[in-house]
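One file, structure_9.txt, is given below (compact mmCIF, C-alpha atoms).
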# COMPACT_ATOMS: atom_id res chain seq x y z
CA MET A 276 14.71 -29.39 -0.47
CA ILE A 277 11.33 -29.34 -2.22
CA ASP A 278 9.59 -32.71 -2.61
CA LYS A 279 8.84 -32.80 -6.35
CA ASP A 280 6.44 -35.72 -5.93
CA ARG A 281 4.31 -33.96 -3.29
CA HIS A 282 0.55 -33.84 -3.60
CA ILE A 283 -0.58 -30.66 -5.40
CA ASP A 284 -4.17 -29.43 -5.29
CA ILE A 285 -6.00 -27.08 -7.64
CA MET A 286 -8.53 -24.86 -5.85
CA GLY A 287 -11.14 -23.35 -8.16
CA ILE A 288 -12.54 -19.89 -7.31
CA VAL A 289 -16.31 -19.33 -7.33
CA ASN A 290 -17.55 -15.88 -6.27
CA VAL A 291 -21.25 -15.57 -5.48
CA ASN A 292 -21.19 -11.79 -5.65
CA ASP A 293 -21.17 -9.16 -8.38
CA ASP A 294 -18.04 -7.14 -7.61
CA SER A 295 -14.98 -9.43 -7.65
CA TYR A 296 -12.05 -8.00 -9.60
CA PHE A 297 -12.22 -10.67 -12.33
CA ALA A 298 -15.65 -10.48 -13.92
CA ASP A 299 -15.73 -14.05 -15.22
CA SER A 300 -15.43 -15.41 -11.66
CA ARG A 301 -18.74 -13.85 -10.63
CA CYS A 302 -21.73 -16.16 -10.19
CA PRO A 303 -24.66 -13.99 -9.10
CA ASP A 304 -27.18 -16.84 -8.90
CA VAL A 305 -27.36 -20.52 -7.99
CA ALA A 306 -27.60 -21.75 -11.58
CA SER A 307 -24.43 -19.96 -12.72
CA ALA A 308 -22.55 -21.15 -9.63
CA LEU A 309 -23.52 -24.77 -10.26
CA GLU A 310 -22.51 -24.54 -13.91
CA LYS A 311 -19.12 -23.07 -13.04
CA ILE A 312 -18.49 -25.72 -10.38
CA ARG A 313 -19.49 -28.51 -12.78
CA LYS A 314 -17.02 -27.19 -15.36
CA MET A 315 -14.22 -26.83 -12.81
CA LEU A 316 -14.70 -30.37 -11.53
CA GLN A 317 -14.64 -31.71 -15.09
CA GLU A 318 -11.38 -29.81 -15.67
CA GLY A 319 -9.75 -31.33 -12.63
CA ALA A 320 -10.38 -29.08 -9.63
CA ASP A 321 -9.59 -30.78 -6.31
CA ILE A 322 -11.20 -28.11 -4.13
CA ILE A 323 -13.99 -25.63 -4.85
CA ASP A 324 -13.56 -22.33 -2.99
CA ILE A 325 -16.83 -20.41 -2.61
CA GLY A 326 -16.94 -16.83 -1.39
CA ALA A 327 -19.70 -14.24 -1.13
CA CYS A 328 -17.73 -11.08 -0.31
CA SER A 329 -15.18 -9.48 -2.60
CA THR A 330 -11.76 -8.93 -0.98
CA ARG A 331 -10.31 -6.77 -3.75
CA PRO A 332 -8.71 -3.50 -2.55
CA GLY A 333 -11.41 -0.97 -1.75
CA ALA A 334 -14.22 -3.52 -1.65
CA GLU A 335 -17.18 -2.91 0.63
CA ILE A 336 -17.23 -5.29 3.60
CA ILE A 337 -20.55 -7.05 4.24
CA GLY A 338 -21.64 -8.51 7.56
CA PRO A 339 -22.09 -12.20 8.38
CA GLU A 340 -25.88 -12.09 7.95
CA GLU A 341 -25.68 -10.83 4.36
CA GLU A 342 -22.78 -13.14 3.57
CA TRP A 343 -24.75 -16.15 4.78
CA ARG A 344 -27.85 -14.99 2.88
CA ARG A 345 -25.80 -15.18 -0.32
CA LEU A 346 -24.04 -18.43 0.54
CA GLU A 347 -26.82 -20.61 1.93
CA PRO A 348 -28.77 -21.31 -1.29
CA VAL A 349 -25.58 -21.99 -3.23
CA LEU A 350 -24.16 -24.34 -0.60
CA THR A 351 -27.48 -26.17 -0.32
CA ALA A 352 -27.57 -26.67 -4.09
CA VAL A 353 -23.90 -27.73 -4.24
CA LYS A 354 -24.44 -30.29 -1.48
CA ALA A 355 -27.28 -31.86 -3.49
CA ALA A 356 -25.65 -31.64 -6.92
CA PHE A 357 -22.06 -32.60 -6.06
CA PRO A 358 -22.02 -34.94 -3.04
CA GLY A 359 -18.49 -35.62 -1.88
CA VAL A 360 -16.96 -32.47 -3.39
CA VAL A 361 -14.24 -30.90 -1.25
CA LEU A 362 -15.45 -27.40 -0.41
CA SER A 363 -13.61 -24.38 0.91
CA ILE A 364 -15.55 -21.36 2.13
CA ASP A 365 -13.88 -17.97 1.81
CA THR A 366 -15.00 -16.07 4.92
CA PHE A 367 -13.63 -14.25 7.95
CA TRP A 368 -16.85 -14.61 10.02
CA SER A 369 -17.15 -17.35 12.65
CA ASP A 370 -20.97 -17.23 12.44
CA VAL A 371 -20.75 -18.12 8.74
CA VAL A 372 -18.41 -21.00 9.58
CA ARG A 373 -20.79 -22.40 12.18
CA ASN A 374 -23.82 -22.05 9.89
CA ALA A 375 -21.97 -23.75 7.06
CA TYR A 376 -20.85 -26.57 9.35
CA ASN A 377 -24.45 -27.16 10.44
CA LEU A 378 -25.44 -27.39 6.78
CA LEU A 379 -22.50 -29.24 5.27
CA GLY A 380 -20.46 -30.91 7.97
CA SER A 381 -16.71 -30.76 7.40
CA PHE A 382 -15.18 -28.24 4.96
CA ILE A 383 -12.09 -26.00 4.67
CA VAL A 384 -12.23 -22.47 6.11
CA ASN A 385 -10.36 -19.97 3.93
CA ASP A 386 -9.85 -16.85 6.05
CA ILE A 387 -7.99 -13.89 4.53
CA SER A 388 -7.55 -12.40 8.01
CA ALA A 389 -5.98 -15.44 9.74
CA GLY A 390 -8.48 -14.94 12.54
CA GLU A 391 -7.80 -11.24 13.09
CA ASP A 392 -11.13 -9.88 11.82
CA ASP A 393 -13.28 -12.06 14.09
CA PRO A 394 -11.85 -12.90 17.53
CA ARG A 395 -14.05 -16.01 17.72
CA MET A 396 -12.85 -17.50 14.44
CA LEU A 397 -9.88 -19.60 15.55
CA GLN A 398 -11.68 -21.07 18.56
CA THR A 399 -14.69 -21.89 16.36
CA VAL A 400 -12.50 -23.67 13.82
CA GLY A 401 -10.69 -25.51 16.60
CA ASP A 402 -13.93 -26.58 18.29
CA LEU A 403 -15.34 -27.90 14.99
CA GLY A 404 -12.09 -29.61 13.98
CA LEU A 405 -11.96 -27.96 10.56
CA GLU A 406 -9.01 -27.45 8.24
CA TYR A 407 -8.05 -23.79 8.03
CA VAL A 408 -6.31 -21.54 5.49
CA ALA A 409 -4.61 -18.60 7.20
CA MET A 410 -3.61 -15.67 5.00
CA HIS A 411 -1.35 -12.70 5.77
CA LYS A 412 -2.72 -9.19 5.39
CA ARG A 413 -2.96 -5.98 7.39
CA GLY A 414 -6.26 -4.18 7.95
CA ASN A 415 -9.27 -4.82 5.72
CA PRO A 416 -9.57 -4.22 1.95
CA LYS A 417 -10.60 -0.60 2.58
CA THR A 418 -7.82 0.28 5.07
CA MET A 419 -4.82 -1.98 4.50
CA GLN A 420 -1.44 -0.39 3.92
CA GLU A 421 1.49 -1.76 1.99
CA LEU A 422 4.47 -3.12 3.91
CA THR A 423 6.77 -0.32 2.78
CA ASP A 424 8.35 -0.07 6.23
CA TYR A 425 9.93 -3.51 6.06
CA LYS A 426 13.23 -4.36 4.37
CA SER A 427 12.18 -7.95 3.73
CA VAL A 428 8.54 -8.77 3.21
CA THR A 429 9.38 -12.47 3.38
CA GLU A 430 10.94 -12.19 6.82
CA GLU A 431 8.00 -10.14 8.11
CA VAL A 432 5.44 -12.68 6.83
CA ILE A 433 7.43 -15.66 8.15
CA GLY A 434 7.47 -13.99 11.57
CA TYR A 435 3.74 -13.42 11.33
CA PHE A 436 3.07 -17.10 10.70
CA ALA A 437 5.43 -18.23 13.44
CA GLU A 438 3.21 -16.27 15.81
CA PHE A 439 0.05 -17.58 14.13
CA SER A 440 1.24 -21.15 14.70
CA ARG A 441 1.21 -20.47 18.43
CA LYS A 442 -2.31 -19.02 18.25
CA ALA A 443 -3.53 -22.00 16.22
CA GLU A 444 -2.20 -24.43 18.80
CA GLU A 445 -3.82 -22.53 21.66
CA SER A 446 -7.17 -22.57 19.80
CA GLY A 447 -7.04 -26.25 18.92
CA VAL A 448 -6.58 -25.66 15.17
CA ARG A 449 -4.62 -28.78 14.25
CA LYS A 450 -4.50 -28.62 10.45
CA TRP A 451 -3.79 -25.31 8.77
CA VAL A 452 -2.50 -24.02 5.44
CA LEU A 453 -0.18 -21.03 4.97
CA ASP A 454 -1.20 -18.39 2.41
CA PRO A 455 1.41 -15.56 2.15
CA GLY A 456 -1.27 -13.18 0.87
CA PHE A 457 -0.09 -12.12 -2.58
CA GLY A 458 -1.67 -8.78 -3.44
CA PHE A 459 -2.58 -7.91 0.14
CA ALA A 460 -0.61 -5.07 1.79
CA LYS A 461 2.40 -5.59 -0.48
CA THR A 462 3.89 -3.57 -3.30
CA VAL A 463 4.23 -5.19 -6.71
CA GLU A 464 7.96 -5.72 -6.12
CA GLN A 465 7.32 -7.20 -2.67
CA ASN A 466 4.92 -9.70 -4.21
CA TYR A 467 7.59 -10.87 -6.65
CA ARG A 468 10.23 -11.00 -3.95
CA MET A 469 7.96 -13.15 -1.82
CA LEU A 470 7.34 -15.48 -4.75
CA ARG A 471 11.07 -15.77 -5.45
CA GLU A 472 11.59 -16.69 -1.80
CA LEU A 473 8.51 -18.88 -1.40
CA ASP A 474 10.55 -21.92 -0.36
CA ARG A 475 11.60 -20.05 2.79
CA PHE A 476 8.07 -20.42 4.15
CA LYS A 477 8.82 -24.12 4.63
CA SER A 478 10.70 -23.01 7.75
CA VAL A 479 7.38 -22.26 9.49
CA LEU A 480 6.22 -25.19 11.61
CA CYS A 481 2.90 -26.32 13.02
CA ALA A 482 2.59 -27.43 16.62
CA ASP A 483 3.36 -31.04 15.67
CA GLY A 484 6.65 -30.02 14.05
CA THR A 485 5.47 -30.41 10.45
CA ALA A 486 5.45 -27.59 7.89
CA PRO A 487 1.99 -26.40 6.82
CA ARG A 488 1.03 -26.76 3.18
CA ILE A 489 1.52 -23.55 1.18
CA LEU A 490 -1.30 -22.01 -0.85
CA VAL A 491 -0.50 -19.54 -3.61
CA GLY A 492 -3.16 -17.20 -4.93
CA VAL A 493 -1.78 -15.08 -7.77
CA SER A 494 -4.40 -15.78 -10.44
CA ARG A 495 -4.94 -12.70 -12.65
CA LYS A 496 -3.94 -10.40 -9.76
CA SER A 497 -2.69 -6.83 -9.84
CA MET A 498 0.95 -7.92 -9.48
CA ILE A 499 0.50 -9.09 -13.07
CA TYR A 500 -1.89 -6.65 -14.67
CA LYS A 501 -0.41 -3.53 -13.07
CA HIS A 502 3.09 -4.54 -14.16
CA PHE A 503 2.02 -4.98 -17.78
CA ASP A 504 -0.69 -2.29 -17.77
CA ILE A 505 -3.30 -4.81 -18.90
CA SER A 506 -6.66 -5.99 -17.54
CA PRO A 507 -7.27 -9.10 -15.40
CA ALA A 508 -8.96 -10.64 -18.46
CA GLU A 509 -5.61 -10.46 -20.32
CA ALA A 510 -3.53 -11.94 -17.50
CA LEU A 511 -4.00 -15.69 -18.02
CA PRO A 512 -0.66 -16.49 -19.79
CA ALA A 513 1.40 -14.60 -17.20
CA THR A 514 -0.60 -16.25 -14.42
CA GLN A 515 0.59 -19.67 -15.58
CA VAL A 516 4.21 -18.49 -15.61
CA LEU A 517 3.83 -17.50 -11.97
CA HIS A 518 2.04 -20.75 -11.17
CA PHE A 519 4.96 -22.72 -12.57
CA GLU A 520 7.44 -20.69 -10.53
CA ALA A 521 5.33 -21.19 -7.41
CA LEU A 522 5.39 -24.95 -7.96
CA THR A 523 9.17 -24.97 -8.32
CA LYS A 524 9.37 -23.09 -5.00
CA GLY A 525 7.16 -25.53 -3.12
CA ALA A 526 3.52 -24.46 -3.53
CA ASP A 527 1.12 -27.24 -2.54
CA ILE A 528 -2.17 -25.57 -3.52
CA LEU A 529 -2.87 -23.21 -6.43
CA ARG A 530 -5.99 -21.05 -5.97
CA VAL A 531 -7.10 -20.29 -9.53
CA HIS A 532 -9.78 -18.91 -11.80
CA ASP A 533 -8.76 -21.17 -14.70
CA VAL A 534 -8.68 -24.80 -13.64
CA ALA A 535 -7.85 -26.49 -16.95
CA GLU A 536 -4.84 -24.25 -17.58
CA ALA A 537 -3.57 -24.68 -14.02
CA ARG A 538 -3.93 -28.45 -14.28
CA ARG A 539 -1.80 -28.42 -17.45
CA THR A 540 0.81 -26.27 -15.68
CA VAL A 541 1.02 -28.85 -12.88
CA GLU A 542 1.42 -31.63 -15.45
CA LEU A 543 4.26 -29.78 -17.18
CA TYR A 544 5.90 -29.15 -13.82
CA ARG A 545 5.80 -32.90 -13.17
CA LEU A 546 7.28 -33.64 -16.60
CA LEU A 547 10.11 -31.14 -16.16
CA SER A 548 10.99 -31.93 -12.54
Is it possible to give me this structure as structure tokens?
Amino acid sequence: MIDKDRHIDIMGIVNVNDDSYFADSRCPDVASALEKIRKMLQEGADIIDIGACSTRPGAEIIGPEEEWRRLEPVLTAVKAAFPGVVLSIDTFWSDVVRNAYNLLGSFIVNDISAGEDDPRMLQTVGDLGLEYVAMHKRGNPKTMQELTDYKSVTEEVIGYFAEFSRKAEESGVRKWVLDPGFGFAKTVEQNYRMLRELDRFKSVLCADGTAPRILVGVSRKSMIYKHFDISPAEALPATQVLHFEALTKGADILRVHDVAEARRTVELYRLLS
């Protein structure tokens, strides 16, 4: 049974690059990043998720040196302008994690590869005692293939995270969040099936026997705009429909482009529960 009074966080997306799939999320300089973060915090964001490399399908992968070159000035400015803000850094490089830790101290690592793209990632996170978001995907944005060879995408992803739980324990990662990876290596129908069955992910357990929190990232994604043959810019109303459904199925964190609208969706979910 889903706890309707559970704590729900809104994670606001800030992309410090120029090629993310939703143009309005791009913050190519420090000033625009600070302005977007200020607005998101005013609208009720609980976590600010900062990334410097696009993970849209077909995106070019940059190395840790270039990623850190983009991130460092923004993180330095955010630390000065918004002391106490809860930050998440969207990266799959352990070197970026260590550099960010030396600059910021504690933060959340948001890794779309669940440690698969950098073999040092999980041990680094464990050694530093950081919270970790593990997402399901296969391959990288240029090579991943859809899970067309599986009858049930939900069962496949649950099995993946059962194995990840073991790896997390071995690496000393004590606090981790489960992200099913909407839009990554799944067909449009598989994405909707996984959302319909989201509550099944509560069966995955951490080493201490508790279920990890579930993060849902569907904001303006292709599972919406491809279905309706629209652009990401037109996908805000449908995004909130999916956010509401995710909440009814047990989502604990919504990763969003539009904080104010997501906050209202959470409020309506509370009113209607």
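You will find CA of Asp386 (chain A) at 5.9 Å from CA of Val408 (chain A).
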Name the residues in contact with Val541 (chain A) at a cut-off of 10 Å, using all atoms listed in the file, excluding same-chain residues fewer than 5 positions from it; report them as a list in words. Ile283, Asp284, Ile285, Gln515, His518, Phe519, Leu522, Leu529, Glu536, Leu546 and Leu547 of chain A
CA of Arg475 (chain A) and CA of Ile433 (chain A) are how many Å apart?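 CA of Ile433 (chain A) lies 8.1 Å from CA of Arg475 (chain A).
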Polymer residues at most 6 Å from Gly326 (chain A), all atoms listed in the file, same-chain spacing of 4 or more positions, as a VMD selection string: chain A and resid 290 364 to 365
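Between Ile322 (chain A) and the candidates A:Pro358, A:Gly434, A:Gly287, A:Pro455, the tightest atom-to-atom separation, counting all atoms listed in the file, involves A:Gly287.
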Box for region 396-400 of chain A: with edges along x, y and z, all listed atoms inside and 8 Å added on each side, what are the centre and edge lengths in Å to one decimal, as JSON?
{"center_x": -12.3, "center_y": -20.6, "center_z": 16.2, "size_x": 20.8, "size_y": 22.2, "size_z": 20.7}
Pairwise distance for CA of Asp321 (chain A) and CA of Val361 (chain A), rounded to one decimal in Å: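 Computed distance, CA of Asp321 (chain A) to CA of Val361 (chain A), equals 6.9 Å.
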Requested file, region 303-351 of chain A restricted to N, CA and C atoms, as a JSON list (two decimals), in the first residue's frame:
[["chain", "number", "residue", "atom", "x", "y", "z"],
["A", 303, "PRO", "N", 23.42, 28.42, -20.53],
["A", 303, "PRO", "CA", 24.79, 28.36, -21.05],
["A", 303, "PRO", "C", 25.82, 29.18, -20.29],
["A", 304, "ASP", "N", 25.38, 29.97, -19.31],
["A", 304, "ASP", "CA", 26.34, 30.76, -18.53],
["A", 304, "ASP", "C", 25.91, 30.82, -17.07],
["A", 305, "VAL", "N", 26.80, 31.31, -16.23],
["A", 305, "VAL", "CA", 26.56, 31.33, -14.79],
["A", 305, "VAL", "C", 25.34, 32.18, -14.43],
["A", 306, "ALA", "N", 25.22, 33.33, -15.07],
["A", 306, "ALA", "CA", 24.12, 34.25, -14.73],
["A", 306, "ALA", "C", 22.76, 33.60, -15.00],
["A", 307, "SER", "N", 22.60, 32.94, -16.14],
["A", 307, "SER", "CA", 21.32, 32.33, -16.47],
["A", 307, "SER", "C", 21.03, 31.15, -15.54],
["A", 308, "ALA", "N", 22.07, 30.42, -15.15],
["A", 308, "ALA", "CA", 21.89, 29.31, -14.22],
["A", 308, "ALA", "C", 21.42, 29.82, -12.86],
["A", 309, "LEU", "N", 22.04, 30.87, -12.36],
["A", 309, "LEU", "CA", 21.65, 31.43, -11.07],
["A", 309, "LEU", "C", 20.22, 31.95, -11.10],
["A", 310, "GLU", "N", 19.84, 32.58, -12.19],
["A", 310, "GLU", "CA", 18.48, 33.12, -12.30],
["A", 310, "GLU", "C", 17.46, 31.99, -12.32],
["A", 311, "LYS", "N", 17.76, 30.91, -13.06],
["A", 311, "LYS", "CA", 16.83, 29.79, -13.10],
["A", 311, "LYS", "C", 16.71, 29.13, -11.73],
["A", 312, "ILE", "N", 17.82, 28.96, -11.05],
["A", 312, "ILE", "CA", 17.80, 28.34, -9.72],
["A", 312, "ILE", "C", 17.02, 29.20, -8.75],
["A", 313, "ARG", "N", 17.23, 30.50, -8.79],
["A", 313, "ARG", "CA", 16.50, 31.42, -7.90],
["A", 313, "ARG", "C", 14.99, 31.27, -8.11],
["A", 314, "LYS", "N", 14.58, 31.23, -9.37],
["A", 314, "LYS", "CA", 13.16, 31.09, -9.69],
["A", 314, "LYS", "C", 12.61, 29.74, -9.20],
["A", 315, "MET", "N", 13.36, 28.69, -9.42],
["A", 315, "MET", "CA", 12.91, 27.36, -8.99],
["A", 315, "MET", "C", 12.78, 27.27, -7.47],
["A", 316, "LEU", "N", 13.70, 27.85, -6.75],
["A", 316, "LEU", "CA", 13.62, 27.83, -5.29],
["A", 316, "LEU", "C", 12.41, 28.63, -4.81],
["A", 317, "GLN", "N", 12.15, 29.76, -5.45],
["A", 317, "GLN", "CA", 10.98, 30.56, -5.10],
["A", 317, "GLN", "C", 9.69, 29.80, -5.36],
["A", 318, "GLU", "N", 9.69, 28.95, -6.39],
["A", 318, "GLU", "CA", 8.50, 28.18, -6.76],
["A", 318, "GLU", "C", 8.33, 26.90, -5.94],
["A", 319, "GLY", "N", 9.32, 26.59, -5.13],
["A", 319, "GLY", "CA", 9.16, 25.45, -4.23],
["A", 319, "GLY", "C", 9.99, 24.23, -4.52],
["A", 320, "ALA", "N", 11.09, 24.37, -5.27],
["A", 320, "ALA", "CA", 11.97, 23.23, -5.51],
["A", 320, "ALA", "C", 12.63, 22.80, -4.21],
["A", 321, "ASP", "N", 12.71, 21.50, -3.99],
["A", 321, "ASP", "CA", 13.40, 20.95, -2.82],
["A", 321, "ASP", "C", 14.85, 20.60, -3.14],
["A", 322, "ILE", "N", 15.09, 20.24, -4.39],
["A", 322, "ILE", "CA", 16.42, 19.83, -4.85],
["A", 322, "ILE", "C", 16.68, 20.50, -6.19],
["A", 323, "ILE", "N", 17.90, 20.98, -6.39],
["A", 323, "ILE", "CA", 18.30, 21.52, -7.69],
["A", 323, "ILE", "C", 19.28, 20.54, -8.32],
["A", 324, "ASP", "N", 18.91, 20.03, -9.51],
["A", 324, "ASP", "CA", 19.72, 19.03, -10.21],
["A", 324, "ASP", "C", 20.46, 19.71, -11.35],
["A", 325, "ILE", "N", 21.78, 19.76, -11.25],
["A", 325, "ILE", "CA", 22.61, 20.47, -12.23],
["A", 325, "ILE", "C", 23.40, 19.47, -13.06],
["A", 326, "GLY", "N", 23.28, 19.58, -14.37],
["A", 326, "GLY", "CA", 24.02, 18.71, -15.27],
["A", 326, "GLY", "C", 24.70, 19.50, -16.36],
["A", 327, "ALA", "N", 25.81, 18.97, -16.88],
["A", 327, "ALA", "CA", 26.56, 19.68, -17.91],
["A", 327, "ALA", "C", 26.68, 18.91, -19.21],
["A", 328, "CYS", "N", 26.08, 17.71, -19.26],
["A", 328, "CYS", "CA", 26.15, 16.89, -20.47],
["A", 328, "CYS", "C", 24.75, 16.40, -20.82],
["A", 329, "SER", "N", 24.29, 16.68, -22.01],
["A", 329, "SER", "CA", 22.98, 16.22, -22.43],
["A", 329, "SER", "C", 22.96, 14.69, -22.50],
["A", 330, "THR", "N", 21.85, 14.10, -22.04],
["A", 330, "THR", "CA", 21.69, 12.64, -22.12],
["A", 330, "THR", "C", 20.53, 12.26, -23.04],
["A", 331, "ARG", "N", 20.12, 13.21, -23.90],
["A", 331, "ARG", "CA", 19.07, 12.89, -24.87],
["A", 331, "ARG", "C", 19.61, 11.84, -25.85],
["A", 332, "PRO", "N", 18.73, 11.04, -26.48],
["A", 332, "PRO", "CA", 19.19, 10.05, -27.45],
["A", 332, "PRO", "C", 20.02, 10.69, -28.56],
["A", 333, "GLY", "N", 21.17, 10.12, -28.83],
["A", 333, "GLY", "CA", 22.04, 10.64, -29.87],
["A", 333, "GLY", "C", 22.99, 11.73, -29.44],
["A", 334, "ALA", "N", 22.93, 12.13, -28.18],
["A", 334, "ALA", "CA", 23.78, 13.23, -27.70],
["A", 334, "ALA", "C", 25.24, 12.82, -27.70],
["A", 335, "GLU", "N", 26.11, 13.79, -27.92],
["A", 335, "GLU", "CA", 27.55, 13.55, -27.87],
["A", 335, "GLU", "C", 27.99, 13.46, -26.41],
["A", 336, "ILE", "N", 28.77, 12.45, -26.08],
["A", 336, "ILE", "CA", 29.25, 12.27, -24.72],
["A", 336, "ILE", "C", 30.54, 13.06, -24.54],
["A", 337, "ILE", "N", 30.62, 13.86, -23.48],
["A", 337, "ILE", "CA", 31.84, 14.61, -23.19],
["A", 337, "ILE", "C", 32.57, 13.93, -22.04],
["A", 338, "GLY", "N", 33.86, 14.16, -21.94],
["A", 338, "GLY", "CA", 34.66, 13.55, -20.90],
["A", 338, "GLY", "C", 34.54, 14.30, -19.58],
["A", 339, "PRO", "N", 35.11, 13.74, -18.51],
["A", 339, "PRO", "CA", 35.02, 14.36, -17.19],
["A", 339, "PRO", "C", 35.70, 15.71, -17.10],
["A", 340, "GLU", "N", 36.78, 15.93, -17.87],
["A", 340, "GLU", "CA", 37.48, 17.21, -17.80],
["A", 340, "GLU", "C", 36.59, 18.34, -18.34],
["A", 341, "GLU", "N", 35.96, 18.11, -19.49],
["A", 341, "GLU", "CA", 35.08, 19.13, -20.07],
["A", 341, "GLU", "C", 33.83, 19.32, -19.21],
["A", 342, "GLU", "N", 33.31, 18.21, -18.68],
["A", 342, "GLU", "CA", 32.13, 18.33, -17.83],
["A", 342, "GLU", "C", 32.44, 19.18, -16.60],
["A", 343, "TRP", "N", 33.58, 18.94, -15.99],
["A", 343, "TRP", "CA", 33.95, 19.72, -14.80],
["A", 343, "TRP", "C", 34.23, 21.18, -15.16],
["A", 344, "ARG", "N", 34.81, 21.41, -16.34],
["A", 344, "ARG", "CA", 35.06, 22.80, -16.78],
["A", 344, "ARG", "C", 33.75, 23.58, -16.85],
["A", 345, "ARG", "N", 32.68, 22.92, -17.29],
["A", 345, "ARG", "CA", 31.38, 23.59, -17.37],
["A", 345, "ARG", "C", 30.74, 23.75, -15.99],
["A", 346, "LEU", "N", 30.92, 22.74, -15.14],
["A", 346, "LEU", "CA", 30.23, 22.74, -13.85],
["A", 346, "LEU", "C", 30.87, 23.64, -12.81],
["A", 347, "GLU", "N", 32.18, 23.67, -12.77],
["A", 347, "GLU", "CA", 32.87, 24.33, -11.64],
["A", 347, "GLU", "C", 32.44, 25.77, -11.40],
["A", 348, "PRO", "N", 32.41, 26.63, -12.43],
["A", 348, "PRO", "CA", 32.00, 28.01, -12.15],
["A", 348, "PRO", "C", 30.56, 28.14, -11.68],
["A", 349, "VAL", "N", 29.69, 27.28, -12.20],
["A", 349, "VAL", "CA", 28.28, 27.33, -11.78],
["A", 349, "VAL", "C", 28.15, 26.87, -10.34],
["A", 350, "LEU", "N", 28.79, 25.77, -9.98],
["A", 350, "LEU", "CA", 28.71, 25.26, -8.62],
["A", 350, "LEU", "C", 29.32, 26.24, -7.62],
["A", 351, "THR", "N", 30.42, 26.87, -7.99],
["A", 351, "THR", "CA", 31.03, 27.87, -7.12],
["A", 351, "THR", "C", 30.08, 29.03, -6.87]]
